[in-house]
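Visitor: Sharing a structure below in structure tokens format, with a few things to ask.
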Amino acid sequence: MIKVENLYKSFGHLEVLKGISYEVREKEVVCVIGPSGSGKSTFLRCINLLEEITDGAIYIEGVKVNDPKTDINLIRTEVGMVFQQFNLFPHMTVMENITMAPMNIRKISKNDAEHLALELLAKVGLKEKAYNYPEQLSGGQQQRVAIARALAMKPKVMLFDEPTSALDPEMVKEVLDVMKQLALEGMTMVVVTHEMGFAREVADRVVFMDGGYIVEQEKPEIIFDAPKNERTKAFLGKVL
Amino acid sequence: MDIFDLRWDIIWNYRELFLRGLWITLVLTISGYIGGIILGVLLGLGETSKKKWIYWPSKLYVDLFRGTPMLVQILIIHLAFIPAVFGQSFGFMVSGITALILNSAAYNAEIIRAGIQSIDKGQMEAARSLGLTHSQAMRKIILPQAFRRMIPPLGNEFIALLKDSSLVTVIAASDILYAAKVVAGAYQRFWEPYLVAAFMYLVLTYLLTKLIAYVEKRFSNSYNPRKSRKGRI
Ligand SMILES: Nc1ncnc2c1ncn2[C@@H]1O[C@H](COP(=O)(O)OP(=O)(O)OP(=O)(O)O)[C@@H](O)[C@H]1O
Ligand SMILES: [Mg+2]
């Protein structure tokens with residue numbers, strides 16, 4: 001589904017990703033953990049080319065993403081992304097936030113788009129907020145809308161960059177519950193997170209990143225209960 | 001000259017000159033502003049471009065026009081630029097409007113650039129991650145938000161342009177100020193004509209302020225939390 005080969009990324013002289021290779025299979029849920037500044041966000045953002053990559057290759061369903069001949073906008077419609085800061089469009093209602101991309105890119109009718117939006121809102125438990133503006137919603141509600149907005153494009157993969165880090169503790173669960181539900185339905189997901197409980201429960205595989213490398217990747221029960229690498233042990237010792 | 005012995009009858013005799021001046025001032029300002037907005041949008045977008053061959057000419061233009069006095073620009077355009085390019089002059093109207101467009105475009109460009117850059121970059125990323133092209137994201141996400149923030153400064157620019165338009169009297173454009181000068185020259189009286197001119201500008205700027213406040217309110221209404229369309233499912 002996603003295949004990353006020898007990915008390098010530098011910002012000027014700062015080398016952030018130092019040769020990352022890995023693969024995500026269909027319907028797999030991969031959680032990425034690691035200390036701050038280790039390159040987790042950068043790695044995620046490279047997948048849909050929000051960051052230009054310095055070297056290496058990324059394939060999504062066999063199509064090379066960083067090929068000048070590839071239509072990156074088309075790739076992005078297949079890859080949903082959820083941000084730490086939600087990034088809802090403040091000048092649009094919840095409904096318009098969700099229907100904007102399907103109507104403009106998938107060219108579906110307003111009627112169909114609104115039906116789809118209501119379905120997705122029901123799924124994230126926010127049907128009654130369809131005609132509110134983002135600023136009228138709590139952080140947890142906004143993030144659930146952001147998930148619905150990404151899902152409206154019917155992506156094949158969903159990327160989450162610390163989706164609960166900007167939330168008050170009491171709102172974390174409502175967002176994680178939506179994500180668990182998605183995982184159960186068989187969505188392919190890559191989730192950067194500090195929620196170790198979520199990673200342990202939902203992930204098929206946990207990737208530990210440090211200093212621009214993938215240090216270790218294993219099933220959650222192995223990485224949390226019997227990590228092999230010293231750096232993994234040290235990190236988990238601090239956060240668990 | 002006794003300030004309490006003002007002869008308003010002189011002004012009344014010249015009312016047609018003042019009305020014509022009013023008309024000229026309005027035509028100059030409004031065409032200058034509209035042209036200045038159109039050119040300003042292009043330059044403002046140019047100033048936010050990552051492409052160097054778009055960015056640098058836009059930036060250079062804006063710096064040139066903001067860095068020199070409008071009076072000098074008017075004289076260069078009327079006496080040097082237009083005759084040199086077209087081999088003749090087309091009169092004060094063409095020169096005046098050209099100068100006002102070129103000048104206000106530079107100021108509007110700065111307002112538009114600042115408005116665009118004030119939008120959080122997460123907005124562009126969210127739009128692109130949904131598959132919108134750069135220009136779709138600009139049109140649907142960035143510009144509508146930036147526009148609302150631009151209304152007050154663009155309104156101020158309109159008012160500034162109205163007042164600065166009086167500089168075209170230097171090329172004998174018959175605007176409001178020009179009418180005052182004619183009367184002052186003919187009668188060697190200065191209070192009445194210049195007070196009338198000042199008063200006319202004051203009324204115009206007052207009306208403009210009202211108009212801008214109205215536009216501002218209108219565009220924020222669609223975004224007023226209390227007016228969201230609840231229960232329309
Ligand atoms: N646009 C940028 N320009 C320059 N440096 C950047 C940029 N984005 C990220 N970096 C640097 O790259 C490094 C990795 O950043 P990244 O955001 O990927 O880390 P992270 O693992 O997501 O950390 P966190 O857990 O704090 O979100 C950091 O040192 C950061 O300062
Ligand atoms: Mg990060």
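We name chains A, B, ... following the order of the structure tokens; residues begin at 1 in each chain, and ligands are numbered from 1 as shown.
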With a distance cut-off of 9 Å and only C-alpha atoms, select the neighbouring residues of Asn66 in chain A, excluding the residue or stretch itself and same-chain residues fewer than 5 positions from it, and output the selection as a PDB file with N, CA, C and O atoms, in the first residue's frame.

Guide:
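What follows is the written file out-v4.pdb:
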```pdb
ATOM      1  N   LEU A  49       3.721  14.438   0.281  1.00  0.00           N
ATOM      2  CA  LEU A  49       4.543  15.525  -0.289  1.00  0.00           C
ATOM      3  C   LEU A  49       4.187  16.912   0.243  1.00  0.00           C
ATOM      4  O   LEU A  49       4.333  17.890  -0.461  1.00  0.00           O
ATOM      5  N   GLU A  52       8.824  18.458   0.559  1.00  0.00           N
ATOM      6  CA  GLU A  52       9.542  17.923  -0.590  1.00  0.00           C
ATOM      7  C   GLU A  52      10.640  17.002  -0.069  1.00  0.00           C
ATOM      8  O   GLU A  52      11.354  17.363   0.860  1.00  0.00           O
ATOM      9  N   ILE A  53      10.792  15.831  -0.643  1.00  0.00           N
ATOM     10  CA  ILE A  53      11.789  14.930  -0.072  1.00  0.00           C
ATOM     11  C   ILE A  53      13.146  15.142  -0.740  1.00  0.00           C
ATOM     12  O   ILE A  53      13.230  15.554  -1.894  1.00  0.00           O
ATOM     13  N   GLY A  56      15.432   9.429  -2.042  1.00  0.00           N
ATOM     14  CA  GLY A  56      14.695   8.214  -1.746  1.00  0.00           C
ATOM     15  C   GLY A  56      13.437   8.141  -2.586  1.00  0.00           C
ATOM     16  O   GLY A  56      13.257   8.924  -3.520  1.00  0.00           O
ATOM     17  N   ALA A  57      12.568   7.192  -2.267  1.00  0.00           N
ATOM     18  CA  ALA A  57      11.352   7.023  -3.061  1.00  0.00           C
ATOM     19  C   ALA A  57      10.196   6.623  -2.165  1.00  0.00           C
ATOM     20  O   ALA A  57      10.370   5.926  -1.164  1.00  0.00           O
ATOM     21  N   ILE A  58       9.012   7.115  -2.530  1.00  0.00           N
ATOM     22  CA  ILE A  58       7.791   6.721  -1.835  1.00  0.00           C
ATOM     23  C   ILE A  58       6.806   6.222  -2.879  1.00  0.00           C
ATOM     24  O   ILE A  58       6.583   6.887  -3.893  1.00  0.00           O
ATOM     25  N   TYR A  59       6.246   5.038  -2.639  1.00  0.00           N
ATOM     26  CA  TYR A  59       5.244   4.491  -3.544  1.00  0.00           C
ATOM     27  C   TYR A  59       3.929   4.360  -2.801  1.00  0.00           C
ATOM     28  O   TYR A  59       3.897   3.892  -1.666  1.00  0.00           O
ATOM     29  N   ILE A  72       0.441  14.882  -8.210  1.00  0.00           N
ATOM     30  CA  ILE A  72       0.444  14.815  -6.747  1.00  0.00           C
ATOM     31  C   ILE A  72      -0.931  15.123  -6.165  1.00  0.00           C
ATOM     32  O   ILE A  72      -1.326  14.586  -5.133  1.00  0.00           O
TER      33      ILE A  72
END
```

Visitor: Taking only C-alpha atoms and all ligand atoms into account, which residues have an atom no farther than 12 Å from ligand 2? I'd like them as a PyMOL selection string.

Guide: chain A and resi 16+32-45+83-85+160-166+191-194+209

Visitor: Using only C-alpha atoms, what does the table of chain A residues within 9 Å of chain B look like, with each row giving the shortest atom pair and its distance in Å to one decimal, sorted by chain and ascending number, as JSON lines?

Guide:
```
{"residue": "A:Asn48", "atom": "CA", "partner": "B:Ser129", "partner_atom": "CA", "distance": 7.2}
{"residue": "A:Leu49", "atom": "CA", "partner": "B:Ser129", "partner_atom": "CA", "distance": 8.9}
{"residue": "A:Leu50", "atom": "CA", "partner": "B:Glu125", "partner_atom": "CA", "distance": 7.0}
{"residue": "A:Ile72", "atom": "CA", "partner": "B:Gly131", "partner_atom": "CA", "distance": 8.0}
{"residue": "A:Asn73", "atom": "CA", "partner": "B:Gly131", "partner_atom": "CA", "distance": 4.6}
{"residue": "A:Leu74", "atom": "CA", "partner": "B:Gly131", "partner_atom": "CA", "distance": 6.4}
{"residue": "A:Ile75", "atom": "CA", "partner": "B:Gly131", "partner_atom": "CA", "distance": 7.6}
{"residue": "A:Arg76", "atom": "CA", "partner": "B:Gly131", "partner_atom": "CA", "distance": 4.9}
{"residue": "A:Thr77", "atom": "CA", "partner": "B:Gly131", "partner_atom": "CA", "distance": 4.7}
{"residue": "A:Glu78", "atom": "CA", "partner": "B:Gly131", "partner_atom": "CA", "distance": 8.4}
{"residue": "A:Val79", "atom": "CA", "partner": "B:Ser129", "partner_atom": "CA", "distance": 7.5}
{"residue": "A:Gly80", "atom": "CA", "partner": "B:Leu130", "partner_atom": "CA", "distance": 6.7}
{"residue": "A:Met81", "atom": "CA", "partner": "B:Ser129", "partner_atom": "CA", "distance": 6.3}
{"residue": "A:Val82", "atom": "CA", "partner": "B:Ala126", "partner_atom": "CA", "distance": 8.2}
{"residue": "A:Phe83", "atom": "CA", "partner": "B:Ala126", "partner_atom": "CA", "distance": 8.0}
{"residue": "A:Gln85", "atom": "CA", "partner": "B:Gly122", "partner_atom": "CA", "distance": 7.9}
{"residue": "A:Phe86", "atom": "CA", "partner": "B:Gly122", "partner_atom": "CA", "distance": 8.5}
{"residue": "A:Asn87", "atom": "CA", "partner": "B:Gln123", "partner_atom": "CA", "distance": 5.7}
{"residue": "A:Leu88", "atom": "CA", "partner": "B:Gln123", "partner_atom": "CA", "distance": 7.4}
{"residue": "A:Phe89", "atom": "CA", "partner": "B:Gln123", "partner_atom": "CA", "distance": 6.8}
{"residue": "A:Pro90", "atom": "CA", "partner": "B:Gln145", "partner_atom": "CA", "distance": 8.0}
{"residue": "A:His91", "atom": "CA", "partner": "B:Tyr223", "partner_atom": "CA", "distance": 6.4}
{"residue": "A:Met92", "atom": "CA", "partner": "B:Tyr223", "partner_atom": "CA", "distance": 8.1}
{"residue": "A:Thr93", "atom": "CA", "partner": "B:Ser228", "partner_atom": "CA", "distance": 8.2}
{"residue": "A:Met100", "atom": "CA", "partner": "B:Lys140", "partner_atom": "CA", "distance": 8.7}
{"residue": "A:Ala101", "atom": "CA", "partner": "B:Leu130", "partner_atom": "CA", "distance": 6.5}
{"residue": "A:Pro102", "atom": "CA", "partner": "B:Leu130", "partner_atom": "CA", "distance": 8.9}
{"residue": "A:Asn104", "atom": "CA", "partner": "B:Leu132", "partner_atom": "CA", "distance": 8.2}
{"residue": "A:Ile105", "atom": "CA", "partner": "B:Leu132", "partner_atom": "CA", "distance": 7.1}
{"residue": "A:Glu128", "atom": "CA", "partner": "B:Gly231", "partner_atom": "CA", "distance": 7.8}
{"residue": "A:Lys129", "atom": "CA", "partner": "B:Lys230", "partner_atom": "CA", "distance": 8.0}
{"residue": "A:Ala130", "atom": "CA", "partner": "B:Ile233", "partner_atom": "CA", "distance": 7.8}
{"residue": "A:Tyr131", "atom": "CA", "partner": "B:Lys230", "partner_atom": "CA", "distance": 5.5}
{"residue": "A:Asn132", "atom": "CA", "partner": "B:Ser228", "partner_atom": "CA", "distance": 6.0}
{"residue": "A:Tyr133", "atom": "CA", "partner": "B:Pro225", "partner_atom": "CA", "distance": 7.0}
{"residue": "A:Glu135", "atom": "CA", "partner": "B:Pro225", "partner_atom": "CA", "distance": 8.1}
{"residue": "A:Gln136", "atom": "CA", "partner": "B:Pro225", "partner_atom": "CA", "distance": 7.1}
{"residue": "A:Arg149", "atom": "CA", "partner": "B:Leu130", "partner_atom": "CA", "distance": 8.6}
{"residue": "A:Ala150", "atom": "CA", "partner": "B:Leu130", "partner_atom": "CA", "distance": 6.8}
{"residue": "A:Met153", "atom": "CA", "partner": "B:Leu130", "partner_atom": "CA", "distance": 7.3}
```

Visitor: Create the file for the chosen residues now, containing C-alpha atoms and written as a PDB file, in the first residue's frame.

Guide:
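What follows is the written file result_33.pdb:
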```pdb
ATOM      1  CA  ASN A  48       1.771  13.132   0.680  1.00  0.00           C
ATOM      2  CA  LEU A  49       4.543  15.525  -0.289  1.00  0.00           C
ATOM      3  CA  LEU A  50       3.598  18.328   2.088  1.00  0.00           C
ATOM      4  CA  ILE A  72       0.444  14.815  -6.747  1.00  0.00           C
ATOM      5  CA  ASN A  73      -3.041  16.268  -6.355  1.00  0.00           C
ATOM      6  CA  LEU A  74      -4.500  12.949  -7.432  1.00  0.00           C
ATOM      7  CA  ILE A  75      -2.329  11.098  -4.914  1.00  0.00           C
ATOM      8  CA  ARG A  76      -3.425  13.448  -2.168  1.00  0.00           C
ATOM      9  CA  THR A  77      -7.083  12.694  -2.804  1.00  0.00           C
ATOM     10  CA  GLU A  78      -6.287   9.075  -1.900  1.00  0.00           C
ATOM     11  CA  VAL A  79      -4.431  10.002   1.280  1.00  0.00           C
ATOM     12  CA  GLY A  80      -6.428  11.640   4.065  1.00  0.00           C
ATOM     13  CA  MET A  81      -4.568  13.703   6.619  1.00  0.00           C
ATOM     14  CA  VAL A  82      -5.543  14.816  10.118  1.00  0.00           C
ATOM     15  CA  PHE A  83      -3.465  17.507  11.805  1.00  0.00           C
ATOM     16  CA  GLN A  85      -4.189  21.709  15.080  1.00  0.00           C
ATOM     17  CA  PHE A  86      -7.322  20.437  13.220  1.00  0.00           C
ATOM     18  CA  ASN A  87      -6.991  23.124  10.533  1.00  0.00           C
ATOM     19  CA  LEU A  88     -10.703  23.356   9.838  1.00  0.00           C
ATOM     20  CA  PHE A  89     -11.668  26.174   7.494  1.00  0.00           C
ATOM     21  CA  PRO A  90     -13.053  28.863   9.837  1.00  0.00           C
ATOM     22  CA  HIS A  91     -15.068  30.705   7.187  1.00  0.00           C
ATOM     23  CA  MET A  92     -17.119  27.624   6.351  1.00  0.00           C
ATOM     24  CA  THR A  93     -19.736  25.694   8.300  1.00  0.00           C
ATOM     25  CA  MET A 100     -16.009  21.398  -0.307  1.00  0.00           C
ATOM     26  CA  ALA A 101     -13.428  18.906  -1.544  1.00  0.00           C
ATOM     27  CA  PRO A 102     -15.806  16.166  -2.765  1.00  0.00           C
ATOM     28  CA  ASN A 104     -14.798  20.515  -6.227  1.00  0.00           C
ATOM     29  CA  ILE A 105     -12.517  17.581  -6.871  1.00  0.00           C
ATOM     30  CA  GLU A 128     -26.433  18.053  15.077  1.00  0.00           C
ATOM     31  CA  LYS A 129     -23.426  20.352  14.472  1.00  0.00           C
ATOM     32  CA  ALA A 130     -23.639  20.331  10.678  1.00  0.00           C
ATOM     33  CA  TYR A 131     -24.534  23.999  10.365  1.00  0.00           C
ATOM     34  CA  ASN A 132     -22.298  25.371  13.069  1.00  0.00           C
ATOM     35  CA  TYR A 133     -19.004  27.104  12.427  1.00  0.00           C
ATOM     36  CA  GLU A 135     -15.220  28.156  16.352  1.00  0.00           C
ATOM     37  CA  GLN A 136     -18.475  27.092  17.988  1.00  0.00           C
ATOM     38  CA  ARG A 149     -13.653  15.965   6.252  1.00  0.00           C
ATOM     39  CA  ALA A 150     -10.733  13.724   5.343  1.00  0.00           C
ATOM     40  CA  MET A 153     -12.737  12.040  -0.067  1.00  0.00           C
TER      41      MET A 153
END
```

Visitor: Residues near Gly46 in chain B, anyone? I mean within 12 Å using only C-alpha atoms, not counting same-chain ones fewer than 2 positions away, as a compact mmCIF listing (two decimals) with N, CA, C and O atoms, in the first residue's frame.

Guide:
```
# COMPACT_ATOMS: atom_id res chain seq x y z
N LEU B 39 -4.71 45.67 -10.22
CA LEU B 39 -3.26 45.55 -10.33
C LEU B 39 -2.64 45.15 -8.99
O LEU B 39 -1.69 44.37 -8.93
N GLY B 40 -3.22 45.67 -7.91
CA GLY B 40 -2.70 45.36 -6.57
C GLY B 40 -2.85 43.89 -6.23
O GLY B 40 -1.97 43.30 -5.60
N VAL B 41 -3.98 43.27 -6.63
CA VAL B 41 -4.16 41.84 -6.37
C VAL B 41 -3.06 41.05 -7.08
O VAL B 41 -2.43 40.16 -6.50
N LEU B 42 -2.81 41.39 -8.35
CA LEU B 42 -1.78 40.68 -9.10
C LEU B 42 -0.41 40.85 -8.43
O LEU B 42 0.32 39.88 -8.24
N LEU B 43 -0.10 42.09 -8.07
CA LEU B 43 1.20 42.35 -7.45
C LEU B 43 1.30 41.70 -6.06
O LEU B 43 2.34 41.15 -5.70
N GLY B 44 0.20 41.74 -5.32
CA GLY B 44 0.19 41.14 -3.99
C GLY B 44 0.39 39.64 -4.08
O GLY B 44 1.16 39.05 -3.32
N THR B 48 3.74 37.10 -2.93
CA THR B 48 3.70 35.88 -2.11
C THR B 48 4.18 34.68 -2.91
O THR B 48 4.20 33.56 -2.41
N SER B 49 4.57 34.90 -4.16
CA SER B 49 4.97 33.78 -5.01
C SER B 49 6.35 33.25 -4.63
O SER B 49 7.22 34.00 -4.19
N LYS B 50 6.52 31.96 -4.79
CA LYS B 50 7.83 31.36 -4.53
C LYS B 50 8.72 31.48 -5.76
O LYS B 50 9.93 31.29 -5.69
N LYS B 51 8.10 31.75 -6.92
CA LYS B 51 8.90 31.85 -8.14
C LYS B 51 9.62 33.20 -8.18
O LYS B 51 8.98 34.25 -8.14
N LYS B 52 10.94 33.17 -8.28
CA LYS B 52 11.73 34.40 -8.18
C LYS B 52 11.40 35.40 -9.27
O LYS B 52 11.36 36.60 -9.02
N TRP B 53 11.15 34.89 -10.49
CA TRP B 53 10.89 35.82 -11.60
C TRP B 53 9.52 36.47 -11.49
O TRP B 53 9.21 37.43 -12.18
N ILE B 54 8.66 35.97 -10.59
CA ILE B 54 7.40 36.68 -10.31
C ILE B 54 7.58 37.56 -9.07
O ILE B 54 7.14 38.70 -9.03
N TYR B 55 8.27 37.00 -8.07
CA TYR B 55 8.42 37.71 -6.81
C TYR B 55 9.20 39.02 -6.97
O TYR B 55 8.72 40.08 -6.56
N TRP B 56 10.39 38.94 -7.59
CA TRP B 56 11.26 40.11 -7.61
C TRP B 56 10.68 41.30 -8.37
O TRP B 56 10.71 42.43 -7.85
N PRO B 57 10.12 41.12 -9.57
CA PRO B 57 9.52 42.29 -10.25
C PRO B 57 8.39 42.90 -9.43
O PRO B 57 8.27 44.13 -9.35
N SER B 58 7.57 42.06 -8.78
CA SER B 58 6.47 42.59 -7.97
C SER B 58 7.02 43.41 -6.82
O SER B 58 6.54 44.52 -6.53
N LYS B 59 8.01 42.84 -6.16
CA LYS B 59 8.60 43.52 -4.99
C LYS B 59 9.24 44.84 -5.41
O LYS B 59 9.06 45.87 -4.76
N LEU B 60 9.97 44.79 -6.53
CA LEU B 60 10.65 45.99 -7.02
C LEU B 60 9.63 47.09 -7.31
O LEU B 60 9.79 48.25 -6.92
N TYR B 61 8.55 46.70 -8.00
CA TYR B 61 7.49 47.66 -8.34
C TYR B 61 6.95 48.32 -7.07
O TYR B 61 6.86 49.55 -6.98
N VAL B 62 6.58 47.49 -6.12
CA VAL B 62 5.97 48.00 -4.89
C VAL B 62 6.94 48.94 -4.16
O VAL B 62 6.56 50.03 -3.72
N ALA B 106 0.45 49.78 -5.60
CA ALA B 106 1.58 49.40 -4.74
C ALA B 106 1.13 49.25 -3.29
O ALA B 106 1.51 48.31 -2.60
N ALA B 109 -1.18 46.26 -2.94
CA ALA B 109 -0.41 45.01 -3.02
C ALA B 109 0.13 44.64 -1.64
O ALA B 109 0.06 43.47 -1.23
N GLU B 110 0.63 45.62 -0.91
CA GLU B 110 1.15 45.35 0.43
C GLU B 110 0.06 44.84 1.35
O GLU B 110 0.26 43.93 2.15
N ILE B 112 -2.66 43.30 0.45
CA ILE B 112 -3.07 41.96 0.02
C ILE B 112 -2.02 40.92 0.41
O ILE B 112 -2.34 39.85 0.92
N ARG B 113 -0.75 41.27 0.23
CA ARG B 113 0.31 40.35 0.65
C ARG B 113 0.21 40.06 2.15
O ARG B 113 0.21 38.91 2.57
N ILE B 116 -2.79 37.81 2.97
CA ILE B 116 -2.58 36.40 2.60
C ILE B 116 -1.63 35.74 3.59
O ILE B 116 -1.88 34.64 4.09
```

Visitor: Restricting the calculation to only C-alpha atoms and all ligand atoms: of A:Glu51, A:Asp168, A:Asp71, A:Glu61, which residue gets closest to ligand 1?

Guide: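 Among the listed residues, A:Glu51 lies closest to ligand 1.
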
Visitor: What is the CA of Leu162 in chain B to CA of Thr29 in chain B distance in Å?

Guide: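 Answer for the CA of Leu162 in chain B to CA of Thr29 in chain B separation: 5.4 Å.
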
Visitor: For Thr25 in chain B, please output as a VMD selection string all residues within 7 Å (counting only C-alpha atoms; exclusion window: fewer than 4 positions along the same chain).

Guide: chain B and resid 21 29 165 175 to 176

Visitor: Using backbone DSSP assignments, extract all alpha helix (DSSP H) residues from range 26-129 of chain A; output them as a PyMOL selection string.

Guide: chain A and resi 40-47+72-78+94-104+110-123

Visitor: Excluding Val202 in chain A and any residue of its chain fewer than 5 positions from it, enumerate the residues within 9 Å of it, using only C-alpha atoms, and give them as a PyMOL selection string.

Guide: chain A and resi 29-31+180+183-184+197+220

Visitor: Quick one: of B:Val182, B:Ala80, B:Ile159, B:Val85, who's nearest to Lys210 in chain B, counting only C-alpha atoms?

Guide: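 Nearest to Lys210 in chain B: B:Ile159.
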
Visitor: Out of B:Leu28, B:Met150, B:Met70, B:Leu17, which residue has the shortest atom-to-atom distance to Glu216 in chain B when counting only C-alpha atoms?

Guide: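 Closest residue, counting only C-alpha atoms: B:Met150.
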
Visitor: To one decimal in Å, tell me the separation between atom 27 (O, counted along the ligand's line) of ligand 1 and CA of Thr54 in chain A.

Guide: 19.9 Å

Visitor: Quick check, in Å to one decimal: how far apart do CA of Ser21 in chain A and CA of Val63 in chain A lie?

Guide: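 CA of Ser21 in chain A sits 16.2 Å away from CA of Val63 in chain A.
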
Visitor: Which residue, A:Leu151, A:Val157, A:Ile214, A:Met103, has the smallest gap to ligand 1 when you use only C-alpha atoms and all ligand atoms?

Guide: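 Under the stated criterion, the closest residue is A:Ile214.
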